[in-house]
$ cat structure.tsv   # TSV, C-alpha atoms
chain	number	residue	atom	x	y	z
A	1	MET	CA	1.11	3.90	-24.43
A	2	LYS	CA	-2.31	2.30	-24.06
A	3	VAL	CA	-2.75	-1.37	-24.96
A	4	SER	CA	-6.04	-1.50	-26.87
A	5	PHE	CA	-8.35	-4.48	-26.61
A	6	ASN	CA	-8.84	-4.59	-30.40
A	7	LYS	CA	-7.52	-2.88	-33.50
A	8	PRO	CA	-9.20	-3.47	-36.88
A	9	CYS	CA	-7.01	-5.68	-39.02
A	10	HIS	CA	-5.12	-4.07	-41.90
A	11	THR	CA	-2.72	-6.08	-44.07
A	12	GLY	CA	-1.69	-3.55	-46.75
A	13	LEU	CA	-3.67	-4.80	-49.75
A	14	GLU	CA	-6.93	-3.13	-48.81
A	15	GLU	CA	-6.32	0.33	-50.27
A	16	SER	CA	-5.52	-0.86	-53.77
A	17	TYR	CA	-8.58	-3.12	-53.83
A	18	VAL	CA	-10.90	-0.37	-52.60
A	19	ILE	CA	-9.54	2.02	-55.23
A	20	GLN	CA	-10.09	-0.64	-57.89
A	21	ALA	CA	-13.68	-1.09	-56.69
A	22	ILE	CA	-14.25	2.66	-57.14
A	23	LYS	CA	-12.75	2.57	-60.63
A	24	ASN	CA	-15.01	-0.36	-61.55
A	25	ASN	CA	-18.02	1.98	-61.31
A	26	LYS	CA	-19.95	-0.75	-59.51
A	27	LEU	CA	-20.47	0.01	-55.82
A	28	SER	CA	-23.65	-1.89	-54.98
A	29	GLY	CA	-23.80	-5.56	-54.04
A	30	ASP	CA	-22.74	-8.54	-56.15
A	31	GLY	CA	-20.03	-6.73	-58.05
A	32	PRO	CA	-16.66	-8.31	-58.92
A	33	PHE	CA	-15.27	-8.18	-55.38
A	34	ASN	CA	-18.40	-9.68	-53.85
A	35	LYS	CA	-18.18	-12.53	-56.33
A	36	LYS	CA	-14.48	-13.13	-55.63
A	37	CYS	CA	-15.16	-13.24	-51.87
A	38	ALA	CA	-17.97	-15.75	-52.42
A	39	GLU	CA	-15.76	-17.89	-54.66
A	40	PHE	CA	-12.94	-17.82	-52.11
A	41	LEU	CA	-15.22	-18.92	-49.29
A	42	THR	CA	-17.00	-21.57	-51.35
A	43	SER	CA	-13.64	-23.13	-52.11
A	44	TYR	CA	-12.49	-22.79	-48.50
A	45	PHE	CA	-15.54	-24.47	-46.96
A	46	GLY	CA	-15.20	-27.45	-49.30
A	47	SER	CA	-17.15	-29.75	-51.56
A	48	ASP	CA	-20.23	-29.99	-49.32
A	49	THR	CA	-20.84	-26.25	-49.64
A	50	LYS	CA	-23.33	-25.39	-52.37
A	51	ALA	CA	-23.15	-21.59	-52.21
A	52	VAL	CA	-21.89	-18.64	-50.16
A	53	TYR	CA	-23.79	-15.36	-50.13
A	54	ILE	CA	-21.94	-12.28	-48.87
A	55	THR	CA	-24.17	-10.21	-46.58
A	56	PRO	CA	-24.05	-6.85	-44.75
A	57	SER	CA	-23.53	-8.63	-41.41
A	58	CYS	CA	-23.61	-11.97	-39.65
A	59	THR	CA	-26.93	-10.83	-38.18
A	60	ALA	CA	-28.34	-10.46	-41.71
A	61	ALA	CA	-27.09	-13.95	-42.58
A	62	SER	CA	-28.81	-15.38	-39.49
A	63	GLU	CA	-32.05	-13.60	-40.39
A	64	MET	CA	-31.86	-15.06	-43.89
A	65	ALA	CA	-31.54	-18.51	-42.31
A	66	SER	CA	-34.72	-17.91	-40.32
A	67	ILE	CA	-36.64	-16.95	-43.47
A	68	ILE	CA	-35.30	-20.02	-45.29
A	69	LEU	CA	-36.52	-22.18	-42.39
A	70	ASN	CA	-39.97	-20.57	-42.67
A	71	MET	CA	-39.74	-19.44	-39.06
A	72	GLU	CA	-43.23	-18.85	-37.69
A	73	LYS	CA	-44.72	-17.71	-34.42
A	74	GLY	CA	-44.05	-20.28	-31.71
A	75	ASP	CA	-41.33	-22.22	-33.55
A	76	GLU	CA	-38.47	-23.05	-31.18
A	77	VAL	CA	-34.72	-22.92	-31.78
A	78	ILE	CA	-32.26	-24.36	-29.27
A	79	MET	CA	-29.14	-22.30	-28.57
A	80	PRO	CA	-26.73	-21.43	-25.76
A	81	SER	CA	-27.58	-18.51	-23.51
A	82	PHE	CA	-23.93	-17.45	-23.60
A	83	THR	CA	-23.93	-15.82	-27.04
A	84	PHE	CA	-24.46	-12.49	-28.77
A	85	THR	CA	-27.98	-11.11	-29.06
A	86	SER	CA	-28.08	-11.64	-32.85
A	87	THR	CA	-28.24	-15.42	-32.38
A	88	ALA	CA	-31.57	-15.04	-30.60
A	89	ASN	CA	-32.81	-11.92	-32.39
A	90	ALA	CA	-32.73	-13.69	-35.75
A	91	VAL	CA	-35.28	-16.12	-34.32
A	92	ALA	CA	-37.38	-13.74	-32.24
A	93	VAL	CA	-37.82	-11.15	-35.00
A	94	TYR	CA	-39.87	-13.72	-36.96
A	95	GLY	CA	-41.92	-14.81	-33.94
A	96	GLY	CA	-39.76	-17.79	-33.06
A	97	VAL	CA	-38.79	-18.72	-29.51
A	98	PRO	CA	-35.11	-18.94	-28.53
A	99	VAL	CA	-34.71	-21.91	-26.19
A	100	PHE	CA	-31.68	-21.41	-23.97
A	101	ILE	CA	-29.50	-24.15	-22.51
A	102	ASP	CA	-26.26	-24.12	-20.56
A	103	VAL	CA	-22.72	-24.28	-21.92
A	104	ARG	CA	-19.87	-26.68	-21.26
A	105	PRO	CA	-17.51	-25.61	-18.46
A	106	ASP	CA	-14.42	-26.32	-20.56
A	107	THR	CA	-15.07	-24.55	-23.89
A	108	MET	CA	-18.07	-22.29	-23.14
A	109	ASN	CA	-19.78	-23.92	-26.13
A	110	ILE	CA	-23.32	-25.30	-26.08
A	111	ASP	CA	-23.56	-28.38	-23.87
A	112	GLU	CA	-24.49	-31.04	-26.39
A	113	ASN	CA	-25.67	-33.32	-23.57
A	114	LEU	CA	-28.49	-30.90	-22.72
A	115	ILE	CA	-29.95	-30.56	-26.21
A	116	GLU	CA	-32.31	-33.52	-26.24
A	117	GLN	CA	-34.08	-32.49	-23.03
A	118	ALA	CA	-34.81	-29.09	-24.62
A	119	ILE	CA	-36.51	-30.53	-27.71
A	120	SER	CA	-40.28	-30.14	-27.96
A	121	LYS	CA	-42.89	-30.65	-30.68
A	122	LYS	CA	-42.24	-27.03	-31.70
A	123	THR	CA	-38.47	-27.36	-32.09
A	124	LYS	CA	-37.28	-26.40	-35.58
A	125	ALA	CA	-33.50	-26.05	-35.32
A	126	ILE	CA	-30.35	-26.18	-33.23
A	127	VAL	CA	-27.85	-23.31	-33.31
A	128	PRO	CA	-24.37	-24.29	-32.07
A	129	VAL	CA	-22.16	-21.24	-31.43
A	130	HIS	CA	-18.43	-21.84	-31.89
A	131	TYR	CA	-17.22	-19.66	-29.02
A	132	ALA	CA	-13.74	-18.14	-29.41
A	133	GLY	CA	-13.24	-20.10	-32.63
A	134	VAL	CA	-13.29	-23.44	-30.81
A	135	GLY	CA	-15.61	-25.96	-32.42
A	136	CYS	CA	-18.69	-27.38	-30.75
A	137	GLU	CA	-19.09	-31.19	-30.56
A	138	MET	CA	-20.60	-31.33	-34.02
A	139	ASP	CA	-20.74	-35.12	-34.33
A	140	LYS	CA	-23.22	-35.44	-31.48
A	141	ILE	CA	-25.15	-32.32	-32.46
A	142	LEU	CA	-25.62	-33.60	-36.01
A	143	TYR	CA	-26.65	-37.01	-34.67
A	144	ILE	CA	-29.35	-35.44	-32.49
A	145	ALA	CA	-30.54	-33.21	-35.34
A	146	LYS	CA	-30.89	-36.17	-37.69
A	147	LYS	CA	-32.65	-38.24	-35.01
A	148	TYR	CA	-35.34	-35.59	-34.50
A	149	GLY	CA	-35.45	-34.13	-38.02
A	150	LEU	CA	-34.07	-30.71	-37.02
A	151	ALA	CA	-32.08	-28.17	-38.99
A	152	VAL	CA	-28.61	-27.15	-37.80
A	153	ILE	CA	-27.58	-23.52	-38.27
A	154	GLU	CA	-24.00	-22.92	-37.18
A	155	ASP	CA	-23.30	-19.54	-35.62
A	156	ASN	CA	-19.79	-19.32	-36.98
A	157	ALA	CA	-19.32	-15.61	-36.27
A	158	GLN	CA	-15.98	-16.31	-34.58
A	159	GLY	CA	-14.85	-19.46	-36.34
A	160	LEU	CA	-13.40	-18.66	-39.75
A	161	PHE	CA	-10.11	-20.53	-40.35
A	162	ALA	CA	-10.87	-22.86	-37.43
A	163	TYR	CA	-11.66	-26.58	-37.67
A	164	TYR	CA	-13.38	-29.51	-36.01
A	165	LYS	CA	-11.77	-32.85	-36.87
A	166	ASN	CA	-9.90	-31.10	-39.69
A	167	LYS	CA	-13.08	-29.83	-41.33
A	168	PRO	CA	-13.83	-26.08	-41.40
A	169	LEU	CA	-16.29	-24.77	-38.85
A	170	GLY	CA	-19.32	-23.61	-40.77
A	171	SER	CA	-19.34	-26.58	-43.13
A	172	PHE	CA	-21.31	-28.99	-40.91
A	173	GLY	CA	-24.85	-27.61	-40.63
A	174	ASP	CA	-27.53	-27.01	-43.21
A	175	MET	CA	-26.39	-23.38	-43.11
A	176	SER	CA	-23.90	-21.27	-41.22
A	177	ALA	CA	-23.50	-17.56	-40.55
A	178	VAL	CA	-20.09	-15.87	-40.61
A	179	SER	CA	-19.10	-12.44	-39.30
A	180	PHE	CA	-16.65	-9.95	-40.81
A	181	HIS	CA	-17.26	-7.25	-38.19
A	182	GLU	CA	-14.17	-5.21	-37.34
A	183	THR	CA	-13.77	-7.12	-34.06
A	184	LYS	CA	-13.29	-10.44	-35.90
A	185	ASN	CA	-10.10	-11.94	-37.29
A	186	VAL	CA	-10.96	-11.27	-40.94
A	187	ILE	CA	-13.00	-8.13	-41.47
A	188	ALA	CA	-14.93	-5.90	-43.85
A	189	GLY	CA	-15.74	-3.28	-41.19
A	190	GLU	CA	-19.30	-4.55	-41.23
A	191	GLY	CA	-20.09	-7.71	-43.14
A	192	GLY	CA	-21.02	-11.36	-43.05
A	193	ALA	CA	-21.83	-14.41	-45.12
A	194	LEU	CA	-24.46	-17.12	-45.26
A	195	VAL	CA	-22.98	-20.49	-46.12
A	196	ILE	CA	-25.39	-22.94	-47.76
A	197	ASN	CA	-24.55	-26.64	-47.37
A	198	SER	CA	-27.78	-28.03	-48.80
A	199	ASP	CA	-28.75	-27.97	-52.48
A	200	ASN	CA	-32.49	-27.65	-51.90
A	201	ILE	CA	-32.23	-24.21	-50.28
A	202	LYS	CA	-29.60	-22.60	-52.50
A	203	GLU	CA	-31.99	-21.00	-55.00
A	204	ARG	CA	-34.40	-19.76	-52.34
A	205	ALA	CA	-31.51	-18.17	-50.39
A	206	GLU	CA	-30.53	-16.23	-53.52
A	207	ILE	CA	-34.09	-14.92	-53.92
A	208	ILE	CA	-34.43	-13.94	-50.25
A	209	ARG	CA	-31.14	-12.05	-50.41
A	210	GLU	CA	-32.35	-10.01	-53.41
A	211	LYS	CA	-35.43	-8.51	-51.74
A	212	GLY	CA	-37.48	-11.60	-52.53
A	213	THR	CA	-36.94	-11.30	-56.28
A	214	ASP	CA	-35.28	-13.41	-58.98
A	215	ARG	CA	-33.12	-10.44	-59.92
A	216	SER	CA	-29.93	-12.54	-59.88
A	217	LYS	CA	-31.40	-14.80	-62.56
A	218	PHE	CA	-32.21	-11.70	-64.62
A	219	PHE	CA	-28.62	-10.47	-64.42
A	220	ARG	CA	-27.41	-13.90	-65.53
A	221	GLY	CA	-29.81	-13.80	-68.51
A	222	GLU	CA	-31.87	-16.73	-67.23
A	223	VAL	CA	-35.16	-14.74	-67.25
A	224	ASP	CA	-36.19	-11.76	-69.41
A	225	LYS	CA	-37.43	-9.75	-66.41
A	226	TYR	CA	-37.40	-10.15	-62.66
A	227	SER	CA	-40.31	-10.00	-60.24
A	228	TRP	CA	-41.32	-10.51	-56.63
A	229	ILE	CA	-41.13	-14.24	-55.83
A	230	ASP	CA	-40.81	-14.69	-52.06
A	231	LYS	CA	-40.14	-13.00	-48.74
A	232	GLY	CA	-36.82	-11.25	-48.51
A	233	SER	CA	-34.85	-8.12	-47.84
A	234	SER	CA	-31.72	-6.32	-49.02
A	235	TYR	CA	-28.99	-8.65	-47.78
A	236	LEU	CA	-26.12	-7.54	-50.02
A	237	LEU	CA	-22.77	-6.06	-49.03
A	238	GLY	CA	-21.53	-3.02	-50.97
A	239	GLU	CA	-18.45	-3.38	-53.16
A	240	LEU	CA	-16.18	-1.18	-51.01
A	241	GLY	CA	-16.64	-3.50	-48.04
A	242	ALA	CA	-16.21	-6.54	-50.26
A	243	ALA	CA	-12.97	-5.12	-51.69
A	244	TYR	CA	-11.58	-4.68	-48.17
A	245	LEU	CA	-12.78	-8.16	-47.27
A	246	LEU	CA	-11.12	-9.86	-50.24
A	247	ALA	CA	-7.75	-8.44	-49.20
A	248	GLN	CA	-8.32	-9.91	-45.75
A	249	LEU	CA	-9.42	-13.31	-47.00
A	250	GLU	CA	-6.35	-13.61	-49.19
A	251	LYS	CA	-4.22	-13.02	-46.08
A	252	GLY	CA	-6.41	-15.20	-43.87
A	253	THR	CA	-3.74	-17.77	-43.04
A	254	GLU	CA	-1.22	-15.06	-42.17
A	255	ILE	CA	-3.75	-13.25	-39.96
A	256	THR	CA	-4.70	-16.47	-38.19
A	257	ASN	CA	-1.09	-17.49	-37.56
A	258	ASN	CA	-0.28	-14.05	-36.17
A	259	ARG	CA	-3.18	-14.23	-33.72
A	260	LEU	CA	-2.32	-17.80	-32.76
A	261	ALA	CA	1.21	-16.68	-31.89
A	262	SER	CA	-0.23	-14.08	-29.50
A	263	TRP	CA	-2.70	-16.63	-28.10
A	264	HIS	CA	0.11	-19.10	-27.33
A	265	PHE	CA	2.24	-16.32	-25.83
A	266	TYR	CA	-0.51	-15.64	-23.28
A	267	TYR	CA	-1.17	-19.33	-22.75
A	268	ASP	CA	2.46	-20.12	-21.94
A	269	ALA	CA	3.05	-16.97	-19.89
A	270	LEU	CA	0.04	-17.57	-17.62
A	271	GLU	CA	0.72	-21.24	-16.92
A	272	ASP	CA	2.24	-20.62	-13.49
A	273	LEU	CA	-0.70	-18.52	-12.35
A	274	GLU	CA	-3.06	-21.32	-13.35
A	275	LYS	CA	-0.96	-23.88	-11.46
A	276	LYS	CA	-1.17	-21.68	-8.37
A	277	GLY	CA	-4.95	-21.54	-8.68
A	278	PHE	CA	-5.30	-17.83	-9.48
A	279	LEU	CA	-6.99	-18.28	-12.86
A	280	ARG	CA	-7.94	-20.77	-15.55
A	281	ARG	CA	-6.74	-20.60	-19.13
A	282	PRO	CA	-8.85	-21.56	-22.19
A	283	VAL	CA	-9.42	-25.24	-22.97
A	284	VAL	CA	-9.20	-26.48	-26.58
A	285	PRO	CA	-10.34	-30.11	-27.09
A	286	SER	CA	-8.05	-32.34	-29.14
A	287	ALA	CA	-10.60	-32.55	-31.98
A	288	CYS	CA	-10.51	-28.77	-32.42
A	289	THR	CA	-8.09	-26.47	-34.22
A	290	HIS	CA	-8.91	-22.92	-33.15
A	291	ASN	CA	-8.05	-19.58	-34.78
A	292	GLY	CA	-6.83	-17.41	-31.91
A	293	HIS	CA	-9.94	-15.26	-31.99
A	294	ILE	CA	-10.22	-14.73	-28.23
A	295	PHE	CA	-7.89	-15.27	-25.30
A	296	TYR	CA	-9.78	-15.22	-22.04
A	297	ILE	CA	-9.06	-16.11	-18.46
A	298	LEU	CA	-11.54	-17.31	-15.85
A	299	LEU	CA	-11.20	-15.87	-12.34
A	300	ASP	CA	-12.76	-17.21	-9.14
A	301	CYS	CA	-15.62	-14.70	-8.93
A	302	LEU	CA	-17.04	-11.42	-10.22
A	303	LYS	CA	-15.27	-9.37	-7.55
A	304	THR	CA	-11.85	-10.69	-8.56
A	305	ARG	CA	-12.65	-10.23	-12.26
A	306	GLU	CA	-13.63	-6.59	-11.80
A	307	SER	CA	-10.71	-5.84	-9.47
A	308	LEU	CA	-8.26	-7.25	-12.03
A	309	ARG	CA	-9.94	-5.37	-14.86
A	310	GLU	CA	-9.66	-2.08	-12.94
A	311	HIS	CA	-6.05	-2.93	-12.03
A	312	LEU	CA	-5.25	-3.29	-15.74
A	313	ILE	CA	-7.12	-0.10	-16.66
A	314	LEU	CA	-4.87	1.84	-14.28
A	315	ARG	CA	-1.96	0.49	-16.32
A	316	GLU	CA	-3.65	1.56	-19.57
A	317	ILE	CA	-4.48	-2.00	-20.56
A	318	SER	CA	-7.94	-2.65	-21.94
A	319	ALA	CA	-9.41	-6.02	-20.93
A	320	VAL	CA	-13.15	-6.66	-21.12
A	321	SER	CA	-15.87	-9.08	-20.05
A	322	HIS	CA	-18.17	-10.73	-22.56
A	323	TYR	CA	-21.84	-11.64	-22.94
A	324	VAL	CA	-24.54	-10.97	-20.40
A	325	PRO	CA	-26.45	-14.29	-20.47
A	326	LEU	CA	-29.46	-14.01	-22.74
A	327	HIS	CA	-31.73	-16.11	-20.54
A	328	SER	CA	-31.56	-13.50	-17.77
A	329	SER	CA	-31.87	-10.44	-20.04
A	330	LYS	CA	-35.07	-8.42	-20.40
A	331	ALA	CA	-35.62	-9.56	-23.99
A	332	GLY	CA	-34.60	-13.14	-23.24
A	333	LEU	CA	-37.18	-13.36	-20.48
A	334	SER	CA	-39.81	-11.90	-22.80
A	335	PHE	CA	-39.12	-13.76	-26.05
A	336	GLY	CA	-37.39	-16.98	-25.00
A	337	ARG	CA	-37.54	-19.84	-22.58
A	338	THR	CA	-34.93	-21.63	-20.51
A	339	ALA	CA	-34.65	-25.41	-20.83
A	340	SER	CA	-31.85	-26.31	-18.42
A	341	LYS	CA	-30.09	-25.16	-15.32
A	342	MET	CA	-27.69	-22.32	-16.14
A	343	ASP	CA	-25.02	-22.87	-13.51
A	344	VAL	CA	-22.04	-22.67	-15.86
A	345	THR	CA	-23.39	-19.76	-17.90
A	346	ASP	CA	-24.28	-17.72	-14.81
A	347	ALA	CA	-20.97	-18.36	-13.07
A	348	HIS	CA	-18.55	-18.14	-15.98
A	349	SER	CA	-20.11	-15.01	-17.47
A	350	GLU	CA	-19.10	-13.23	-14.23
A	351	MET	CA	-15.63	-14.81	-14.12
A	352	LEU	CA	-14.50	-14.36	-17.72
A	353	LEU	CA	-12.06	-11.62	-18.75
A	354	ARG	CA	-10.84	-11.21	-22.33
A	355	LEU	CA	-7.31	-9.98	-22.93
A	356	PRO	CA	-6.13	-7.71	-25.78
A	357	MET	CA	-5.99	-9.67	-29.03
A	358	TYR	CA	-5.53	-8.43	-32.58
A	359	TYR	CA	-3.39	-8.83	-35.68
A	360	GLY	CA	-0.02	-7.18	-35.09
A	361	LEU	CA	-0.17	-7.21	-31.28
A	362	GLY	CA	3.45	-6.58	-30.30
A	363	ASP	CA	5.64	-8.45	-27.83
A	364	ASP	CA	6.01	-5.32	-25.69
A	365	GLU	CA	2.24	-5.02	-25.45
A	366	LYS	CA	1.76	-8.68	-24.61
A	367	ASN	CA	4.44	-8.49	-21.95
A	368	ARG	CA	2.73	-5.48	-20.42
A	369	VAL	CA	-0.53	-7.42	-20.24
A	370	VAL	CA	1.10	-10.45	-18.61
A	371	ASP	CA	3.14	-8.27	-16.21
A	372	GLY	CA	-0.06	-6.43	-15.26
A	373	ILE	CA	-1.84	-9.69	-14.44
A	374	ASN	CA	1.16	-11.00	-12.50
A	375	SER	CA	1.42	-7.80	-10.47
A	376	PHE	CA	-2.20	-8.19	-9.41
A	377	PHE	CA	-1.76	-11.68	-7.99
A	378	ILE	CA	1.85	-11.72	-6.82
$ encode --input "structure.tsv" --output "structure tokens"
Amino acid sequence: MKVSFNKPCHTGLEESYVIQAIKNNKLSGDGPFNKKCAEFLTSYFGSDTKAVYITPSCTAASEMASIILNMEKGDEVIMPSFTFTSTANAVAVYGGVPVFIDVRPDTMNIDENLIEQAISKKTKAIVPVHYAGVGCEMDKILYIAKKYGLAVIEDNAQGLFAYYKNKPLGSFGDMSAVSFHETKNVIAGEGGALVINSDNIKERAEIIREKGTDRSKFFRGEVDKYSWIDKGSSYLLGELGAAYLLAQLEKGTEITNNRLASWHFYYDALEDLEKKGFLRRPVVPSACTHNGHIFYILLDCLKTRESLREHLILREISAVSHYVPLHSSKAGLSFGRTASKMDVTDAHSEMLLRLPMYYGLGDDEKNRVVDGINSFFI
């Protein structure tokens, strides 16, 4: 039997919630399930969070953040090169310039010590990406942002139910974007959320999300008709996706604990191979509590990574690489600029291999993965 890399999470509550959404006769955005998801997340992120808006994707949430920041042609946003294209696209689509810097060799997160050298007169924001659900060094990032008057937009696509110094990832910046794509821990199939941690942008975010109108105020009876107020688009998630998502959020702790058990299984089982110098396991700083989103290993070079990957494929085990660095991509070269050496990004992107990880991954499957890796090296 094949060991898949990912299987969309299913806890058992989803069907009844989706059926209820159908019976509610309200399938467009901001129905009862959307509102319950937003309430859940607002409570989860804590007292500093002013609002959560459920969106069709994390990409949509990031684009909303760019509109809120009044992103204009030539504005610069500092981010790691080792991230998904949406992080940069949300800037470039409005004429902004993604400014790429290297990542830390331990966590693969943005190297906070390289941020200041990347700042220019055009810099508008910093986007820390919490890779694999491990928090960036937010204390220093927030210090730099305050020093230079910059916004902080957390790319928290992978970080739900993970923490930095016991505070949820996504609750530090002015805004954060969350993903509920089927590859994430908690899913809606497609979906996301924009988390607002600043009072002065809450109302504008609501308008942008509703096609630039004050339609939400109309539905609440605050105005007698709604009209076009600002830039915007249709950034609402349909009720069927929100119904599925609510079931997942309510089981979020269970899902996270299940994935963490698999993560620690791999971590313990591969210790000897790391001691012998065959690979390196993930590093989680003491200030971080991760969520088991990704388990990866770092090999010594691209050739070894690809040979191991093919070795596992022959044993019907799906293991995959991750991002092609944005700074070296066609679009990255066209729309962005590079503001540091990229030694870690270039090297680790060719060395990194992700192992199968999903809710319900069985012991037999995990043992097959570990045995497959051992048989390659020993």
$ residues_around --input "structure.tsv" --residues "stretch 316-322 of chain A" --least-positions-apart "4" --cutoff "12 Å" --atoms "only C-alpha atoms" --output "number ranges by chain"
A: 1-7, 82-85, 108, 131-132, 294-299, 302, 305-312, 326, 345, 348-357, 365-373
$ write_last_selection --input "structure.tsv" --atoms "C-alpha atoms" --output "JSON list (two decimals), keeping the file's coordinate frame"
[["chain", "number", "residue", "atom", "x", "y", "z"],
["A", 1, "MET", "CA", 1.11, 3.90, -24.43],
["A", 2, "LYS", "CA", -2.31, 2.30, -24.06],
["A", 3, "VAL", "CA", -2.75, -1.37, -24.96],
["A", 4, "SER", "CA", -6.04, -1.50, -26.87],
["A", 5, "PHE", "CA", -8.35, -4.48, -26.61],
["A", 6, "ASN", "CA", -8.84, -4.59, -30.40],
["A", 7, "LYS", "CA", -7.52, -2.88, -33.50],
["A", 82, "PHE", "CA", -23.93, -17.45, -23.60],
["A", 83, "THR", "CA", -23.93, -15.82, -27.04],
["A", 84, "PHE", "CA", -24.46, -12.49, -28.77],
["A", 85, "THR", "CA", -27.98, -11.11, -29.06],
["A", 108, "MET", "CA", -18.07, -22.29, -23.14],
["A", 131, "TYR", "CA", -17.22, -19.66, -29.02],
["A", 132, "ALA", "CA", -13.74, -18.14, -29.41],
["A", 294, "ILE", "CA", -10.22, -14.73, -28.23],
["A", 295, "PHE", "CA", -7.89, -15.27, -25.30],
["A", 296, "TYR", "CA", -9.78, -15.22, -22.04],
["A", 297, "ILE", "CA", -9.06, -16.11, -18.46],
["A", 298, "LEU", "CA", -11.54, -17.31, -15.85],
["A", 299, "LEU", "CA", -11.20, -15.87, -12.34],
["A", 302, "LEU", "CA", -17.04, -11.42, -10.22],
["A", 305, "ARG", "CA", -12.65, -10.23, -12.26],
["A", 306, "GLU", "CA", -13.63, -6.59, -11.80],
["A", 307, "SER", "CA", -10.71, -5.84, -9.47],
["A", 308, "LEU", "CA", -8.26, -7.25, -12.03],
["A", 309, "ARG", "CA", -9.94, -5.37, -14.86],
["A", 310, "GLU", "CA", -9.66, -2.08, -12.94],
["A", 311, "HIS", "CA", -6.05, -2.93, -12.03],
["A", 312, "LEU", "CA", -5.25, -3.29, -15.74],
["A", 326, "LEU", "CA", -29.46, -14.01, -22.74],
["A", 345, "THR", "CA", -23.39, -19.76, -17.90],
["A", 348, "HIS", "CA", -18.55, -18.14, -15.98],
["A", 349, "SER", "CA", -20.11, -15.01, -17.47],
["A", 350, "GLU", "CA", -19.10, -13.23, -14.23],
["A", 351, "MET", "CA", -15.63, -14.81, -14.12],
["A", 352, "LEU", "CA", -14.50, -14.36, -17.72],
["A", 353, "LEU", "CA", -12.06, -11.62, -18.75],
["A", 354, "ARG", "CA", -10.84, -11.21, -22.33],
["A", 355, "LEU", "CA", -7.31, -9.98, -22.93],
["A", 356, "PRO", "CA", -6.13, -7.71, -25.78],
["A", 357, "MET", "CA", -5.99, -9.67, -29.03],
["A", 365, "GLU", "CA", 2.24, -5.02, -25.45],
["A", 366, "LYS", "CA", 1.76, -8.68, -24.61],
["A", 367, "ASN", "CA", 4.44, -8.49, -21.95],
["A", 368, "ARG", "CA", 2.73, -5.48, -20.42],
["A", 369, "VAL", "CA", -0.53, -7.42, -20.24],
["A", 370, "VAL", "CA", 1.10, -10.45, -18.61],
["A", 371, "ASP", "CA", 3.14, -8.27, -16.21],
["A", 372, "GLY", "CA", -0.06, -6.43, -15.26],
["A", 373, "ILE", "CA", -1.84, -9.69, -14.44]]
$ residues_around --input "structure.tsv" --residues "A:Gln158" --least-positions-apart "6" --cutoff "10 Å" --atoms "all atoms listed in the file" --output "mmCIF file with C-alpha atoms, in the coordinates of the input"
data_model
loop_
_atom_site.group_PDB
_atom_site.id
_atom_site.type_symbol
_atom_site.label_atom_id
_atom_site.label_comp_id
_atom_site.auth_asym_id
_atom_site.auth_seq_id
_atom_site.Cartn_x
_atom_site.Cartn_y
_atom_site.Cartn_z
ATOM 1 C CA VAL A 129 -22.160 -21.240 -31.430
ATOM 2 C CA HIS A 130 -18.430 -21.840 -31.890
ATOM 3 C CA TYR A 131 -17.220 -19.660 -29.020
ATOM 4 C CA ALA A 132 -13.740 -18.140 -29.410
ATOM 5 C CA GLY A 133 -13.240 -20.100 -32.630
ATOM 6 C CA VAL A 134 -13.290 -23.440 -30.810
ATOM 7 C CA GLY A 135 -15.610 -25.960 -32.420
ATOM 8 C CA LEU A 169 -16.290 -24.770 -38.850
ATOM 9 C CA ALA A 177 -23.500 -17.560 -40.550
ATOM 10 C CA VAL A 178 -20.090 -15.870 -40.610
ATOM 11 C CA SER A 179 -19.100 -12.440 -39.300
ATOM 12 C CA PHE A 180 -16.650 -9.950 -40.810
ATOM 13 C CA HIS A 181 -17.260 -7.250 -38.190
ATOM 14 C CA THR A 183 -13.770 -7.120 -34.060
ATOM 15 C CA LYS A 184 -13.290 -10.440 -35.900
ATOM 16 C CA ASN A 185 -10.100 -11.940 -37.290
ATOM 17 C CA VAL A 186 -10.960 -11.270 -40.940
ATOM 18 C CA HIS A 290 -8.910 -22.920 -33.150
ATOM 19 C CA ASN A 291 -8.050 -19.580 -34.780
ATOM 20 C CA GLY A 292 -6.830 -17.410 -31.910
ATOM 21 C CA HIS A 293 -9.940 -15.260 -31.990
ATOM 22 C CA ILE A 294 -10.220 -14.730 -28.230
#
$ residues_around --input "structure.tsv" --residues "stretch 210-226 of chain A" --least-positions-apart "6" --cutoff "10 Å" --atoms "only C-alpha atoms" --output "PyMOL selection string"
chain A and resi 29-30+203-204+232-236
$ closest_residue --input "structure.tsv" --among "A:Gly360, A:Pro168, A:Gly277, A:Pro128" --to "A:Arg104" --atoms "all atoms listed in the file"
A:Pro128
$ residues_around --input "structure.tsv" --residues "stretch 142-151 of chain A" --least-positions-apart "2" --cutoff "10 Å" --atoms "only C-alpha atoms" --output "JSON, numbers by chain"
{"A": [69, 77, 112, 113, 115, 116, 119, 120, 121, 123, 124, 125, 126, 127, 137, 138, 139, 140, 153, 154, 172, 173, 174, 175]}
$ atom_distance --input "structure.tsv" --atom1 "atom CA of A:Glu39" --atom2 "atom CA of A:Ala88"
28.9 Å
$ atom_distance --input "structure.tsv" --atom1 "atom CA of A:Pro32" --atom2 "atom CA of A:Ile201"
23.9 Å
$ residues_around --input "structure.tsv" --residues "A:Gly74" --least-positions-apart "4" --cutoff "12 Å" --atoms "all atoms listed in the file" --output "MDAnalysis selection string"
chainID A and resid 70 91:99 120:124 335:337
$ residues_near_point --input "structure.tsv" --point "(-30.3, -28.6, -20.8)" --cutoff "6 Å" --atoms "only C-alpha atoms" --output "list in words"
Ile101, Leu114, Ile115, Gln117, Ala118, Ala339 and Ser340 of chain A
